[in-house]
file coords_22.txt (compact mmCIF, C-alpha atoms)
# COMPACT_ATOMS: atom_id res chain seq x y z
CA MET P 1 25.21 33.48 -56.95
CA LYS P 2 21.59 32.59 -57.56
CA ILE P 3 19.90 30.65 -54.74
CA HIS P 4 16.89 28.42 -55.53
CA VAL P 5 14.72 27.06 -52.73
CA PHE P 6 11.91 24.53 -52.49
CA ALA P 7 8.84 23.58 -50.48
CA ALA P 8 8.62 24.91 -46.90
CA LEU P 9 11.59 27.24 -47.44
CA LYS P 10 9.34 29.29 -49.71
CA ASP P 11 7.32 30.28 -46.64
CA TYR P 12 10.39 32.26 -45.51
CA MET P 13 12.11 33.51 -48.67
CA PRO P 14 11.59 33.98 -52.43
CA THR P 15 11.75 30.92 -54.70
CA GLU P 16 14.96 32.30 -56.21
CA PHE P 17 17.16 35.27 -55.42
CA GLU P 18 20.71 36.60 -55.76
CA LEU P 19 23.01 36.22 -52.75
CA ASP P 20 26.37 37.92 -52.33
CA VAL P 21 28.61 35.03 -51.29
CA SER P 22 31.93 36.89 -51.47
CA THR P 23 32.52 36.27 -47.76
CA ALA P 24 31.68 32.58 -47.93
CA HIS P 25 34.11 29.92 -49.13
CA THR P 26 32.13 26.74 -48.64
CA ILE P 27 28.54 25.53 -48.60
CA VAL P 28 28.55 25.89 -44.81
CA GLY P 29 29.42 29.55 -45.34
CA VAL P 30 26.44 29.96 -47.68
CA GLN P 31 24.23 28.29 -45.09
CA GLU P 32 25.38 30.77 -42.44
CA LEU P 33 24.67 33.72 -44.74
CA LEU P 34 21.18 32.38 -45.40
CA LYS P 35 20.54 31.93 -41.67
CA LYS P 36 21.55 35.55 -41.02
CA LYS P 37 19.37 36.81 -43.86
CA PHE P 38 16.37 34.65 -42.90
CA PRO P 39 16.63 34.01 -39.13
CA LYS P 40 13.13 32.53 -38.93
CA ALA P 41 14.23 29.72 -41.25
CA GLU P 42 17.36 28.90 -39.22
CA GLU P 43 16.18 25.52 -37.97
CA LEU P 44 14.94 24.40 -41.38
CA LEU P 45 18.11 25.61 -43.12
CA SER P 46 20.17 23.47 -40.72
CA ALA P 47 18.27 20.38 -41.92
CA CYS P 48 18.75 21.15 -45.64
CA ARG P 49 21.02 19.64 -48.23
CA TYR P 50 22.58 21.73 -51.00
CA SER P 51 23.00 20.86 -54.67
CA THR P 52 23.82 22.01 -58.17
CA GLU P 53 21.31 21.27 -60.95
CA SER P 54 22.07 17.56 -60.69
CA GLU P 55 24.52 16.88 -57.88
CA ILE P 56 24.39 16.96 -54.08
CA LEU P 57 27.23 19.05 -52.62
CA SER P 58 29.21 18.29 -49.50
CA THR P 59 28.91 21.01 -46.86
CA GLU P 60 32.69 21.47 -47.07
CA GLN P 61 32.53 21.96 -50.84
CA GLU P 62 34.17 25.15 -52.09
CA ILE P 63 31.72 27.32 -53.97
CA THR P 64 33.83 29.44 -56.27
CA ASN P 65 32.52 28.10 -59.59
CA TYR P 66 28.82 27.72 -58.92
CA GLU P 67 26.31 30.07 -60.54
CA ASN P 68 23.29 28.33 -59.05
CA ILE P 69 22.82 26.59 -55.72
CA PHE P 70 19.66 24.70 -54.83
CA VAL P 71 18.64 24.43 -51.18
CA ILE P 72 16.86 21.15 -50.48
CA PRO P 73 14.70 20.69 -47.38
CA PRO P 74 14.15 17.15 -46.02
CA SER P 75 12.13 15.18 -48.57
CA SER P 76 8.46 14.28 -48.21
CA GLY P 77 7.81 12.39 -51.44
CA GLY P 78 5.93 9.14 -51.93
CA MET D 1 4.60 -6.17 -74.48
CA LYS D 2 8.19 -5.07 -74.78
CA THR D 3 10.76 -7.52 -76.03
CA TYR D 4 14.25 -7.78 -74.65
CA SER D 5 17.41 -9.49 -75.75
CA LEU D 6 18.04 -12.53 -73.57
CA SER D 7 21.74 -11.93 -73.85
CA ARG D 8 21.45 -8.47 -72.34
CA PRO D 9 23.47 -8.62 -69.12
CA GLN D 10 22.14 -5.51 -67.39
CA ALA D 11 18.66 -4.92 -66.05
CA VAL D 12 16.28 -2.87 -68.14
CA VAL D 13 15.80 0.40 -66.25
CA ASN D 14 13.32 3.06 -67.34
CA ASP D 15 14.66 6.49 -68.32
CA ILE D 16 12.12 9.08 -67.19
CA HIS D 17 11.33 9.07 -63.47
CA ILE D 18 9.30 12.24 -62.96
CA SER D 19 5.90 12.64 -64.61
CA SER D 20 3.66 15.69 -64.62
CA VAL D 21 0.78 13.63 -66.01
CA GLU D 22 -1.29 10.81 -64.53
CA ILE D 23 0.44 7.47 -63.97
CA SER D 24 -1.53 4.32 -64.78
CA PRO D 25 -0.14 1.38 -62.77
CA ALA D 26 -2.28 -1.02 -64.82
CA ASP D 27 -0.88 0.25 -68.13
CA LEU D 28 2.67 0.04 -66.82
CA LEU D 29 2.13 -3.50 -65.56
CA LYS D 30 0.74 -4.50 -68.96
CA GLU D 31 3.89 -3.21 -70.62
CA TYR D 32 6.61 -4.36 -68.25
CA HIS D 33 7.37 -8.05 -68.63
CA HIS D 34 10.61 -9.87 -69.19
CA PRO D 35 11.09 -13.38 -70.55
CA GLU D 36 13.62 -14.25 -67.83
CA ALA D 37 11.54 -12.86 -64.96
CA GLY D 38 9.29 -15.22 -63.02
CA ALA D 39 8.28 -12.51 -60.55
CA ILE D 40 6.96 -9.00 -61.16
CA VAL D 41 6.23 -6.81 -58.11
CA LEU D 42 4.38 -3.51 -58.52
CA PHE D 43 4.05 -0.96 -55.71
CA SER D 44 1.68 1.95 -56.19
CA GLY D 45 1.90 4.72 -53.60
CA GLU D 46 -1.52 6.40 -53.68
CA VAL D 47 -3.02 9.51 -52.14
CA ARG D 48 -5.27 8.75 -49.18
CA THR D 49 -7.88 10.98 -47.67
CA ASP D 50 -7.31 10.25 -43.98
CA SER D 51 -4.35 12.37 -42.91
CA LYS D 52 -4.73 14.41 -39.69
CA LYS D 53 -7.52 16.22 -41.57
CA GLU D 54 -9.50 15.14 -44.61
CA VAL D 55 -7.24 15.47 -47.66
CA LEU D 56 -8.65 16.54 -51.03
CA PHE D 57 -5.45 16.29 -53.06
CA LEU D 58 -1.66 16.59 -52.88
CA ASP D 59 0.60 18.81 -54.93
CA TYR D 60 4.15 17.56 -55.49
CA GLU D 61 7.11 19.85 -56.05
CA VAL D 62 10.27 18.30 -57.49
CA HIS D 63 13.87 19.37 -58.08
CA THR D 64 13.58 17.50 -61.35
CA PRO D 65 17.13 17.13 -62.76
CA LEU D 66 18.49 16.00 -59.40
CA ALA D 67 15.52 13.70 -58.69
CA GLU D 68 15.88 12.09 -62.13
CA LYS D 69 19.54 11.37 -61.51
CA MET D 70 19.11 10.12 -57.93
CA ILE D 71 16.22 7.78 -58.76
CA HIS D 72 18.10 6.38 -61.74
CA GLU D 73 21.12 5.64 -59.57
CA ILE D 74 18.91 3.96 -56.94
CA LEU D 75 17.38 1.72 -59.64
CA LEU D 76 20.79 0.75 -61.01
CA GLU D 77 22.08 -0.01 -57.54
CA ALA D 78 19.05 -2.17 -56.68
CA SER D 79 19.28 -3.94 -60.05
CA SER D 80 22.85 -4.87 -59.38
CA LYS D 81 22.29 -5.88 -55.74
CA TRP D 82 19.29 -8.15 -56.44
CA ASN D 83 20.19 -9.16 -60.00
CA LEU D 84 16.96 -7.69 -61.35
CA LYS D 85 15.78 -8.17 -64.92
CA MET D 86 13.84 -4.89 -64.87
CA ALA D 87 13.39 -1.92 -62.57
CA LEU D 88 11.10 1.06 -63.00
CA CYS D 89 10.23 4.03 -60.84
CA ILE D 90 7.99 6.95 -61.80
CA HIS D 91 7.02 9.70 -59.34
CA ARG D 92 4.43 12.37 -59.98
CA SER D 93 4.91 16.11 -59.92
CA GLY D 94 1.96 18.48 -59.63
CA ARG D 95 -1.55 17.71 -58.40
CA VAL D 96 -2.58 14.16 -57.52
CA ASP D 97 -6.14 13.47 -56.34
CA VAL D 98 -7.22 10.91 -53.74
CA SER D 99 -6.64 7.33 -54.99
CA GLY D 100 -4.33 8.63 -57.72
CA ALA D 101 -0.88 7.06 -58.03
CA ALA D 102 1.83 9.37 -56.66
CA VAL D 103 4.65 6.89 -57.25
CA VAL D 104 4.98 3.49 -58.92
CA VAL D 105 7.85 1.04 -58.55
CA ILE D 106 8.07 -2.15 -60.61
CA THR D 107 10.74 -4.79 -60.07
CA ALA D 108 11.22 -8.00 -62.02
CA SER D 109 13.50 -10.89 -61.13
CA ARG D 110 13.83 -14.63 -61.62
CA HIS D 111 12.15 -15.35 -58.25
CA ARG D 112 9.82 -13.35 -55.98
CA LYS D 113 12.13 -12.81 -53.00
CA GLU D 114 14.48 -10.55 -54.94
CA ALA D 115 11.65 -8.60 -56.60
CA TYR D 116 9.91 -7.96 -53.25
CA GLU D 117 13.07 -6.93 -51.43
CA ALA D 118 14.35 -4.71 -54.21
CA ASN D 119 10.98 -3.03 -54.58
CA GLN D 120 10.88 -2.10 -50.89
CA TYR D 121 14.47 -0.93 -50.99
CA ILE D 122 13.77 1.33 -53.99
CA ILE D 123 10.63 2.98 -52.57
CA ASN D 124 12.26 3.53 -49.16
CA ARG D 125 15.25 5.26 -50.69
CA VAL D 126 13.20 7.32 -53.13
CA LYS D 127 10.92 8.53 -50.32
CA HIS D 128 13.82 9.44 -48.04
CA GLU D 129 16.39 10.77 -50.48
CA ALA D 130 14.84 12.10 -53.69
CA PRO D 131 14.23 15.88 -53.63
CA ILE D 132 10.43 15.68 -53.78
CA TRP D 133 7.95 17.47 -51.50
CA LYS D 134 4.21 17.22 -51.09
CA ARG D 135 1.78 19.94 -50.12
CA GLU D 136 -1.45 18.66 -48.62
CA TYR D 137 -4.71 20.41 -49.49
CA PHE D 138 -7.48 19.78 -46.96
CA ALA D 139 -11.27 19.76 -47.19
CA ASP D 140 -11.45 22.70 -44.75
CA GLY D 141 -9.69 24.95 -47.27
CA THR D 142 -6.27 24.95 -45.57
CA ASN D 143 -3.01 23.51 -46.92
CA GLU D 144 0.45 22.74 -45.62
CA TRP D 145 3.74 21.07 -46.58
CA GLY D 146 3.79 17.35 -45.80
CA HIS D 147 5.70 16.02 -42.85
CA ASN D 148 9.34 15.56 -43.54
CA CYS D 149 10.89 12.16 -43.41
CA SER D 150 13.49 11.34 -40.80
CA CYS D 151 16.22 11.13 -43.41
CA SER D 152 19.83 12.00 -42.85
CA THR D 153 20.87 15.46 -43.94
CA SER D 154 24.52 14.58 -44.28
call {"tool": "encode", "arguments": {"input": "coords_22.txt", "output": "C-alpha cells"}}
result
Amino acid sequence: MKIHVFAALKDYMPTEFELDVSTAHTIVGVQELLKKKFPKAEELLSACRYSTESEILSTEQEITNYENIFVIPPSSGG
Amino acid sequence: MKTYSLSRPQAVVNDIHISSVEISPADLLKEYHHPEAGAIVLFSGEVRTDSKKEVLFLDYEVHTPLAEKMIHEILLEASSKWNLKMALCIHRSGRVDVSGAAVVVITASRHRKEAYEANQYIINRVKHEAPIWKREYFADGTNEWGHNCSCSTS
C-alpha cells in the first residue's frame, strides 16, 4: 500500500512511501504500523485522520482494497 | 453579472473550491449576484503579518480531491439549512503574500441574517475540517507549519 502524508508529517517521513500492511486489517492497524516505523511522530499520528483520494475513512475501516491511503494531520487552513 | 433561473429550487453553488492562483474578492463580488437575494455577505480571510513573529507569506498545502469534495458538501449543507440563493467558497493553495486572500466565502439569501449566519458556519467548518495546511514564512528567515485547529479527529 502506498502511504501519502501532508504538512508536519513530512518532517518525520517521506511525502509518499510503500508500507507492508499485511499484518494490519483496519486503519487503526495501519496507524500502529506507522507509529512503530516513525516513533517520533507518534503523537501527531494519533491526531490524524485517514482518507482515500476523496473520502475520509473510519478508523475501524477494513483496508483490503485500498492502494493509496492519505494521512491527514489536523487542519490549519483559512 | 450572472443570470439565474428564478424557478431554480436549489442554491447556486460554485464548482471549483481550490485555487492555485490569486483570488480577487472584488471580482467575485462583482460576479455573484442573484435576483432573489437581498443580502450578499463576503468574507475574505487574508494573510496578516503579525503572528508570533513577523510573517512574510504563507504557503498552503492541500489534499485537493478531498478538500474539493468536503467544501462542496459544506456549501450544499449550509445552502439547505439557511435556504441560500448562492454559496461560494474558494481557498488558495501555494504561496499567499501578506494582505492576499487565502479564502473567500460568499453567501446570498433573501435577508441578511441567513447570509451572515451561513457565511460564518461555512468558514468555521472549512477551517476546521478541510484538509488544508499553512506553512508560515517569517522575516527572520525561519518557517514552520501553522498551529493546528482544535478540531475533532474522529
call {"tool": "atom_distance", "arguments": {"input": "coords_22.txt", "atom1": "CA of Glu144 (chain D)", "atom2": "CA of Val103 (chain D)"}}
result
20.1 Å
call {"tool": "closest_atom_pairs", "arguments": {"input": "coords_22.txt", "of": "chain D", "to": "chain P", "cutoff": "8 Å", "atoms": "all atoms listed in the file", "output": "JSON lines"}}
result
{"residue": "D:Gly45", "atom": "CA", "partner": "P:Gly78", "partner_atom": "CA", "distance": 6.2}
{"residue": "D:Tyr60", "atom": "CA", "partner": "P:Gly77", "partner_atom": "CA", "distance": 7.5}
{"residue": "D:Glu61", "atom": "CA", "partner": "P:Ala7", "partner_atom": "CA", "distance": 6.9}
{"residue": "D:His63", "atom": "CA", "partner": "P:Phe6", "partner_atom": "CA", "distance": 7.9}
{"residue": "D:Pro65", "atom": "CA", "partner": "P:Ser54", "partner_atom": "CA", "distance": 5.4}
{"residue": "D:Leu66", "atom": "CA", "partner": "P:Ser54", "partner_atom": "CA", "distance": 4.1}
{"residue": "D:Ala67", "atom": "CA", "partner": "P:Ser54", "partner_atom": "CA", "distance": 7.9}
{"residue": "D:Lys69", "atom": "CA", "partner": "P:Ser54", "partner_atom": "CA", "distance": 6.7}
{"residue": "D:His91", "atom": "CA", "partner": "P:Gly78", "partner_atom": "CA", "distance": 7.5}
{"residue": "D:Ala102", "atom": "CA", "partner": "P:Gly78", "partner_atom": "CA", "distance": 6.3}
{"residue": "D:Val103", "atom": "CA", "partner": "P:Gly78", "partner_atom": "CA", "distance": 5.9}
{"residue": "D:Ile123", "atom": "CA", "partner": "P:Gly78", "partner_atom": "CA", "distance": 7.8}
{"residue": "D:Val126", "atom": "CA", "partner": "P:Gly78", "partner_atom": "CA", "distance": 7.6}
{"residue": "D:Lys127", "atom": "CA", "partner": "P:Gly77", "partner_atom": "CA", "distance": 5.1}
{"residue": "D:His128", "atom": "CA", "partner": "P:Ser75", "partner_atom": "CA", "distance": 6.0}
{"residue": "D:Glu129", "atom": "CA", "partner": "P:Ser75", "partner_atom": "CA", "distance": 6.4}
{"residue": "D:Ala130", "atom": "CA", "partner": "P:Ser75", "partner_atom": "CA", "distance": 6.6}
{"residue": "D:Pro131", "atom": "CA", "partner": "P:Ser75", "partner_atom": "CA", "distance": 5.5}
{"residue": "D:Ile132", "atom": "CA", "partner": "P:Gly77", "partner_atom": "CA", "distance": 4.8}
{"residue": "D:Trp133", "atom": "CA", "partner": "P:Ser76", "partner_atom": "CA", "distance": 4.6}
{"residue": "D:Lys134", "atom": "CA", "partner": "P:Ser76", "partner_atom": "CA", "distance": 5.9}
{"residue": "D:Arg135", "atom": "CA", "partner": "P:Ala7", "partner_atom": "CA", "distance": 8.0}
{"residue": "D:Trp145", "atom": "CA", "partner": "P:Ala8", "partner_atom": "CA", "distance": 6.2}
{"residue": "D:Gly146", "atom": "CA", "partner": "P:Ser76", "partner_atom": "CA", "distance": 6.1}
{"residue": "D:His147", "atom": "CA", "partner": "P:Ser76", "partner_atom": "CA", "distance": 6.3}
{"residue": "D:Asn148", "atom": "CA", "partner": "P:Ser76", "partner_atom": "CA", "distance": 4.9}
{"residue": "D:Cys149", "atom": "CA", "partner": "P:Ser76", "partner_atom": "CA", "distance": 5.8}
{"residue": "D:Ser150", "atom": "CA", "partner": "P:Pro74", "partner_atom": "CA", "distance": 7.8}
{"residue": "D:Cys151", "atom": "CA", "partner": "P:Pro74", "partner_atom": "CA", "distance": 6.9}
{"residue": "D:Thr153", "atom": "CA", "partner": "P:Ala47", "partner_atom": "CA", "distance": 5.9}
{"residue": "D:Ser154", "atom": "CA", "partner": "P:Arg49", "partner_atom": "CA", "distance": 7.3}
call {"tool": "atom_distance", "arguments": {"input": "coords_22.txt", "atom1": "CA of Ala24 (chain P)", "atom2": "CA of Ile3 (chain P)"}}
result
13.7 Å
call {"tool": "atom_distance", "arguments": {"input": "coords_22.txt", "atom1": "CA of Lys10 (chain P)", "atom2": "CA of Ile27 (chain P)"}}
result
19.6 Å
call {"tool": "residues_around", "arguments": {"input": "coords_22.txt", "residues": "Gln10 (chain D)", "least_positions_apart": "6", "cutoff": "10 Å", "atoms": "all atoms listed in the file", "output": "NGL selection string"}}
result
:D and (76 or 79-80 or 83-86)
call {"tool": "residues_near_point", "arguments": {"input": "coords_22.txt", "point": "(28.8, 26.6, -50.1)", "cutoff": "9 Å", "atoms": "all atoms listed in the file", "output": "PyMOL selection string"}}
result
chain P and resi 21+24-31+50+57-64+66+69
call {"tool": "decode", "arguments": {"input": "coords_22.txt", "residues": "region 115-152 of chain D", "atoms": "N, CA and C atoms", "output": "PDB file, in the first residue's frame"}}
result
ATOM      1  N   ALA D 115     -27.691  35.041   5.512  1.00  0.00           N
ATOM      2  CA  ALA D 115     -26.403  35.139   4.786  1.00  0.00           C
ATOM      3  C   ALA D 115     -25.235  35.265   5.764  1.00  0.00           C
ATOM      4  N   TYR D 116     -25.421  36.065   6.838  1.00  0.00           N
ATOM      5  CA  TYR D 116     -24.361  36.195   7.846  1.00  0.00           C
ATOM      6  C   TYR D 116     -24.102  34.862   8.551  1.00  0.00           C
ATOM      7  N   GLU D 117     -25.173  34.262   9.028  1.00  0.00           N
ATOM      8  CA  GLU D 117     -25.015  33.011   9.793  1.00  0.00           C
ATOM      9  C   GLU D 117     -24.399  31.907   8.949  1.00  0.00           C
ATOM     10  N   ALA D 118     -24.896  31.760   7.735  1.00  0.00           N
ATOM     11  CA  ALA D 118     -24.388  30.698   6.861  1.00  0.00           C
ATOM     12  C   ALA D 118     -22.921  30.937   6.519  1.00  0.00           C
ATOM     13  N   ASN D 119     -22.561  32.197   6.328  1.00  0.00           N
ATOM     14  CA  ASN D 119     -21.180  32.512   5.971  1.00  0.00           C
ATOM     15  C   ASN D 119     -20.234  32.090   7.095  1.00  0.00           C
ATOM     16  N   GLN D 120     -20.622  32.414   8.328  1.00  0.00           N
ATOM     17  CA  GLN D 120     -19.779  32.056   9.470  1.00  0.00           C
ATOM     18  C   GLN D 120     -19.698  30.534   9.651  1.00  0.00           C
ATOM     19  N   TYR D 121     -20.817  29.894   9.441  1.00  0.00           N
ATOM     20  CA  TYR D 121     -20.868  28.432   9.539  1.00  0.00           C
ATOM     21  C   TYR D 121     -19.917  27.798   8.520  1.00  0.00           C
ATOM     22  N   ILE D 122     -19.953  28.300   7.286  1.00  0.00           N
ATOM     23  CA  ILE D 122     -19.123  27.732   6.218  1.00  0.00           C
ATOM     24  C   ILE D 122     -17.637  27.926   6.522  1.00  0.00           C
ATOM     25  N   ILE D 123     -17.228  29.144   6.890  1.00  0.00           N
ATOM     26  CA  ILE D 123     -15.795  29.368   7.108  1.00  0.00           C
ATOM     27  C   ILE D 123     -15.307  28.583   8.332  1.00  0.00           C
ATOM     28  N   ASN D 124     -16.134  28.483   9.371  1.00  0.00           N
ATOM     29  CA  ASN D 124     -15.717  27.703  10.545  1.00  0.00           C
ATOM     30  C   ASN D 124     -15.481  26.247  10.181  1.00  0.00           C
ATOM     31  N   ARG D 125     -16.403  25.682   9.439  1.00  0.00           N
ATOM     32  CA  ARG D 125     -16.244  24.264   9.081  1.00  0.00           C
ATOM     33  C   ARG D 125     -15.092  24.047   8.108  1.00  0.00           C
ATOM     34  N   VAL D 126     -14.923  24.935   7.156  1.00  0.00           N
ATOM     35  CA  VAL D 126     -13.813  24.781   6.202  1.00  0.00           C
ATOM     36  C   VAL D 126     -12.480  24.847   6.947  1.00  0.00           C
ATOM     37  N   LYS D 127     -12.352  25.826   7.864  1.00  0.00           N
ATOM     38  CA  LYS D 127     -11.090  25.954   8.608  1.00  0.00           C
ATOM     39  C   LYS D 127     -10.800  24.713   9.457  1.00  0.00           C
ATOM     40  N   HIS D 128     -11.835  24.158  10.069  1.00  0.00           N
ATOM     41  CA  HIS D 128     -11.625  23.050  10.995  1.00  0.00           C
ATOM     42  C   HIS D 128     -11.561  21.685  10.329  1.00  0.00           C
ATOM     43  N   GLU D 129     -12.224  21.538   9.189  1.00  0.00           N
ATOM     44  CA  GLU D 129     -12.383  20.184   8.641  1.00  0.00           C
ATOM     45  C   GLU D 129     -11.655  19.933   7.322  1.00  0.00           C
ATOM     46  N   ALA D 130     -11.548  20.953   6.478  1.00  0.00           N
ATOM     47  CA  ALA D 130     -10.961  20.706   5.158  1.00  0.00           C
ATOM     48  C   ALA D 130      -9.466  20.409   5.303  1.00  0.00           C
ATOM     49  N   PRO D 131      -8.957  19.427   4.542  1.00  0.00           N
ATOM     50  CA  PRO D 131      -7.536  19.047   4.653  1.00  0.00           C
ATOM     51  C   PRO D 131      -6.628  20.069   3.969  1.00  0.00           C
ATOM     52  N   ILE D 132      -6.393  21.165   4.694  1.00  0.00           N
ATOM     53  CA  ILE D 132      -5.590  22.285   4.193  1.00  0.00           C
ATOM     54  C   ILE D 132      -4.650  22.714   5.311  1.00  0.00           C
ATOM     55  N   TRP D 133      -3.367  22.942   4.958  1.00  0.00           N
ATOM     56  CA  TRP D 133      -2.367  23.295   5.977  1.00  0.00           C
ATOM     57  C   TRP D 133      -1.544  24.474   5.510  1.00  0.00           C
ATOM     58  N   LYS D 134      -1.226  25.368   6.462  1.00  0.00           N
ATOM     59  CA  LYS D 134      -0.399  26.509   6.077  1.00  0.00           C
ATOM     60  C   LYS D 134       0.984  26.410   6.711  1.00  0.00           C
ATOM     61  N   ARG D 135       1.977  26.818   5.923  1.00  0.00           N
ATOM     62  CA  ARG D 135       3.327  26.946   6.448  1.00  0.00           C
ATOM     63  C   ARG D 135       3.653  28.431   6.473  1.00  0.00           C
ATOM     64  N   GLU D 136       4.071  28.905   7.653  1.00  0.00           N
ATOM     65  CA  GLU D 136       4.357  30.332   7.811  1.00  0.00           C
ATOM     66  C   GLU D 136       5.831  30.593   7.532  1.00  0.00           C
ATOM     67  N   TYR D 137       6.092  31.587   6.714  1.00  0.00           N
ATOM     68  CA  TYR D 137       7.467  32.008   6.417  1.00  0.00           C
ATOM     69  C   TYR D 137       7.694  33.372   7.062  1.00  0.00           C
ATOM     70  N   PHE D 138       8.718  33.440   7.934  1.00  0.00           N
ATOM     71  CA  PHE D 138       8.927  34.633   8.746  1.00  0.00           C
ATOM     72  C   PHE D 138      10.041  35.521   8.187  1.00  0.00           C
ATOM     73  N   ALA D 139      10.023  36.774   8.644  1.00  0.00           N
ATOM     74  CA  ALA D 139      11.013  37.758   8.181  1.00  0.00           C
ATOM     75  C   ALA D 139      12.428  37.390   8.621  1.00  0.00           C
ATOM     76  N   ASP D 140      12.550  36.596   9.714  1.00  0.00           N
ATOM     77  CA  ASP D 140      13.890  36.231  10.183  1.00  0.00           C
ATOM     78  C   ASP D 140      14.468  35.026   9.426  1.00  0.00           C
ATOM     79  N   GLY D 141      13.784  34.576   8.382  1.00  0.00           N
ATOM     80  CA  GLY D 141      14.312  33.501   7.546  1.00  0.00           C
ATOM     81  C   GLY D 141      13.848  32.109   7.949  1.00  0.00           C
ATOM     82  N   THR D 142      13.144  32.000   9.095  1.00  0.00           N
ATOM     83  CA  THR D 142      12.665  30.687   9.537  1.00  0.00           C
ATOM     84  C   THR D 142      11.267  30.424   8.962  1.00  0.00           C
ATOM     85  N   ASN D 143      10.821  29.175   9.087  1.00  0.00           N
ATOM     86  CA  ASN D 143       9.445  28.838   8.694  1.00  0.00           C
ATOM     87  C   ASN D 143       8.953  27.662   9.511  1.00  0.00           C
ATOM     88  N   GLU D 144       7.643  27.570   9.651  1.00  0.00           N
ATOM     89  CA  GLU D 144       7.072  26.429  10.385  1.00  0.00           C
ATOM     90  C   GLU D 144       5.613  26.210   9.984  1.00  0.00           C
ATOM     91  N   TRP D 145       5.123  24.985  10.248  1.00  0.00           N
ATOM     92  CA  TRP D 145       3.721  24.683   9.968  1.00  0.00           C
ATOM     93  C   TRP D 145       2.844  25.459  10.932  1.00  0.00           C
ATOM     94  N   GLY D 146       1.720  25.978  10.426  1.00  0.00           N
ATOM     95  CA  GLY D 146       0.798  26.767  11.244  1.00  0.00           C
ATOM     96  C   GLY D 146       0.204  25.933  12.354  1.00  0.00           C
ATOM     97  N   HIS D 147      -0.296  26.645  13.364  1.00  0.00           N
ATOM     98  CA  HIS D 147      -0.873  25.943  14.503  1.00  0.00           C
ATOM     99  C   HIS D 147      -2.139  25.231  14.079  1.00  0.00           C
ATOM    100  N   ASN D 148      -2.269  24.016  14.577  1.00  0.00           N
ATOM    101  CA  ASN D 148      -3.412  23.216  14.210  1.00  0.00           C
ATOM    102  C   ASN D 148      -4.648  23.698  14.944  1.00  0.00           C
ATOM    103  N   CYS D 149      -5.763  23.521  14.276  1.00  0.00           N
ATOM    104  CA  CYS D 149      -7.014  23.891  14.935  1.00  0.00           C
ATOM    105  C   CYS D 149      -7.358  22.817  15.954  1.00  0.00           C
ATOM    106  N   SER D 150      -8.348  23.139  16.789  1.00  0.00           N
ATOM    107  CA  SER D 150      -8.727  22.212  17.857  1.00  0.00           C
ATOM    108  C   SER D 150      -9.866  21.307  17.384  1.00  0.00           C
ATOM    109  N   CYS D 151      -9.753  20.880  16.103  1.00  0.00           N
ATOM    110  CA  CYS D 151     -10.858  20.098  15.561  1.00  0.00           C
ATOM    111  C   CYS D 151     -10.829  18.655  16.053  1.00  0.00           C
ATOM    112  N   SER D 152     -11.980  18.043  15.930  1.00  0.00           N
ATOM    113  CA  SER D 152     -12.091  16.636  16.315  1.00  0.00           C
ATOM    114  C   SER D 152     -11.315  15.784  15.318  1.00  0.00           C
TER     115      SER D 152
END
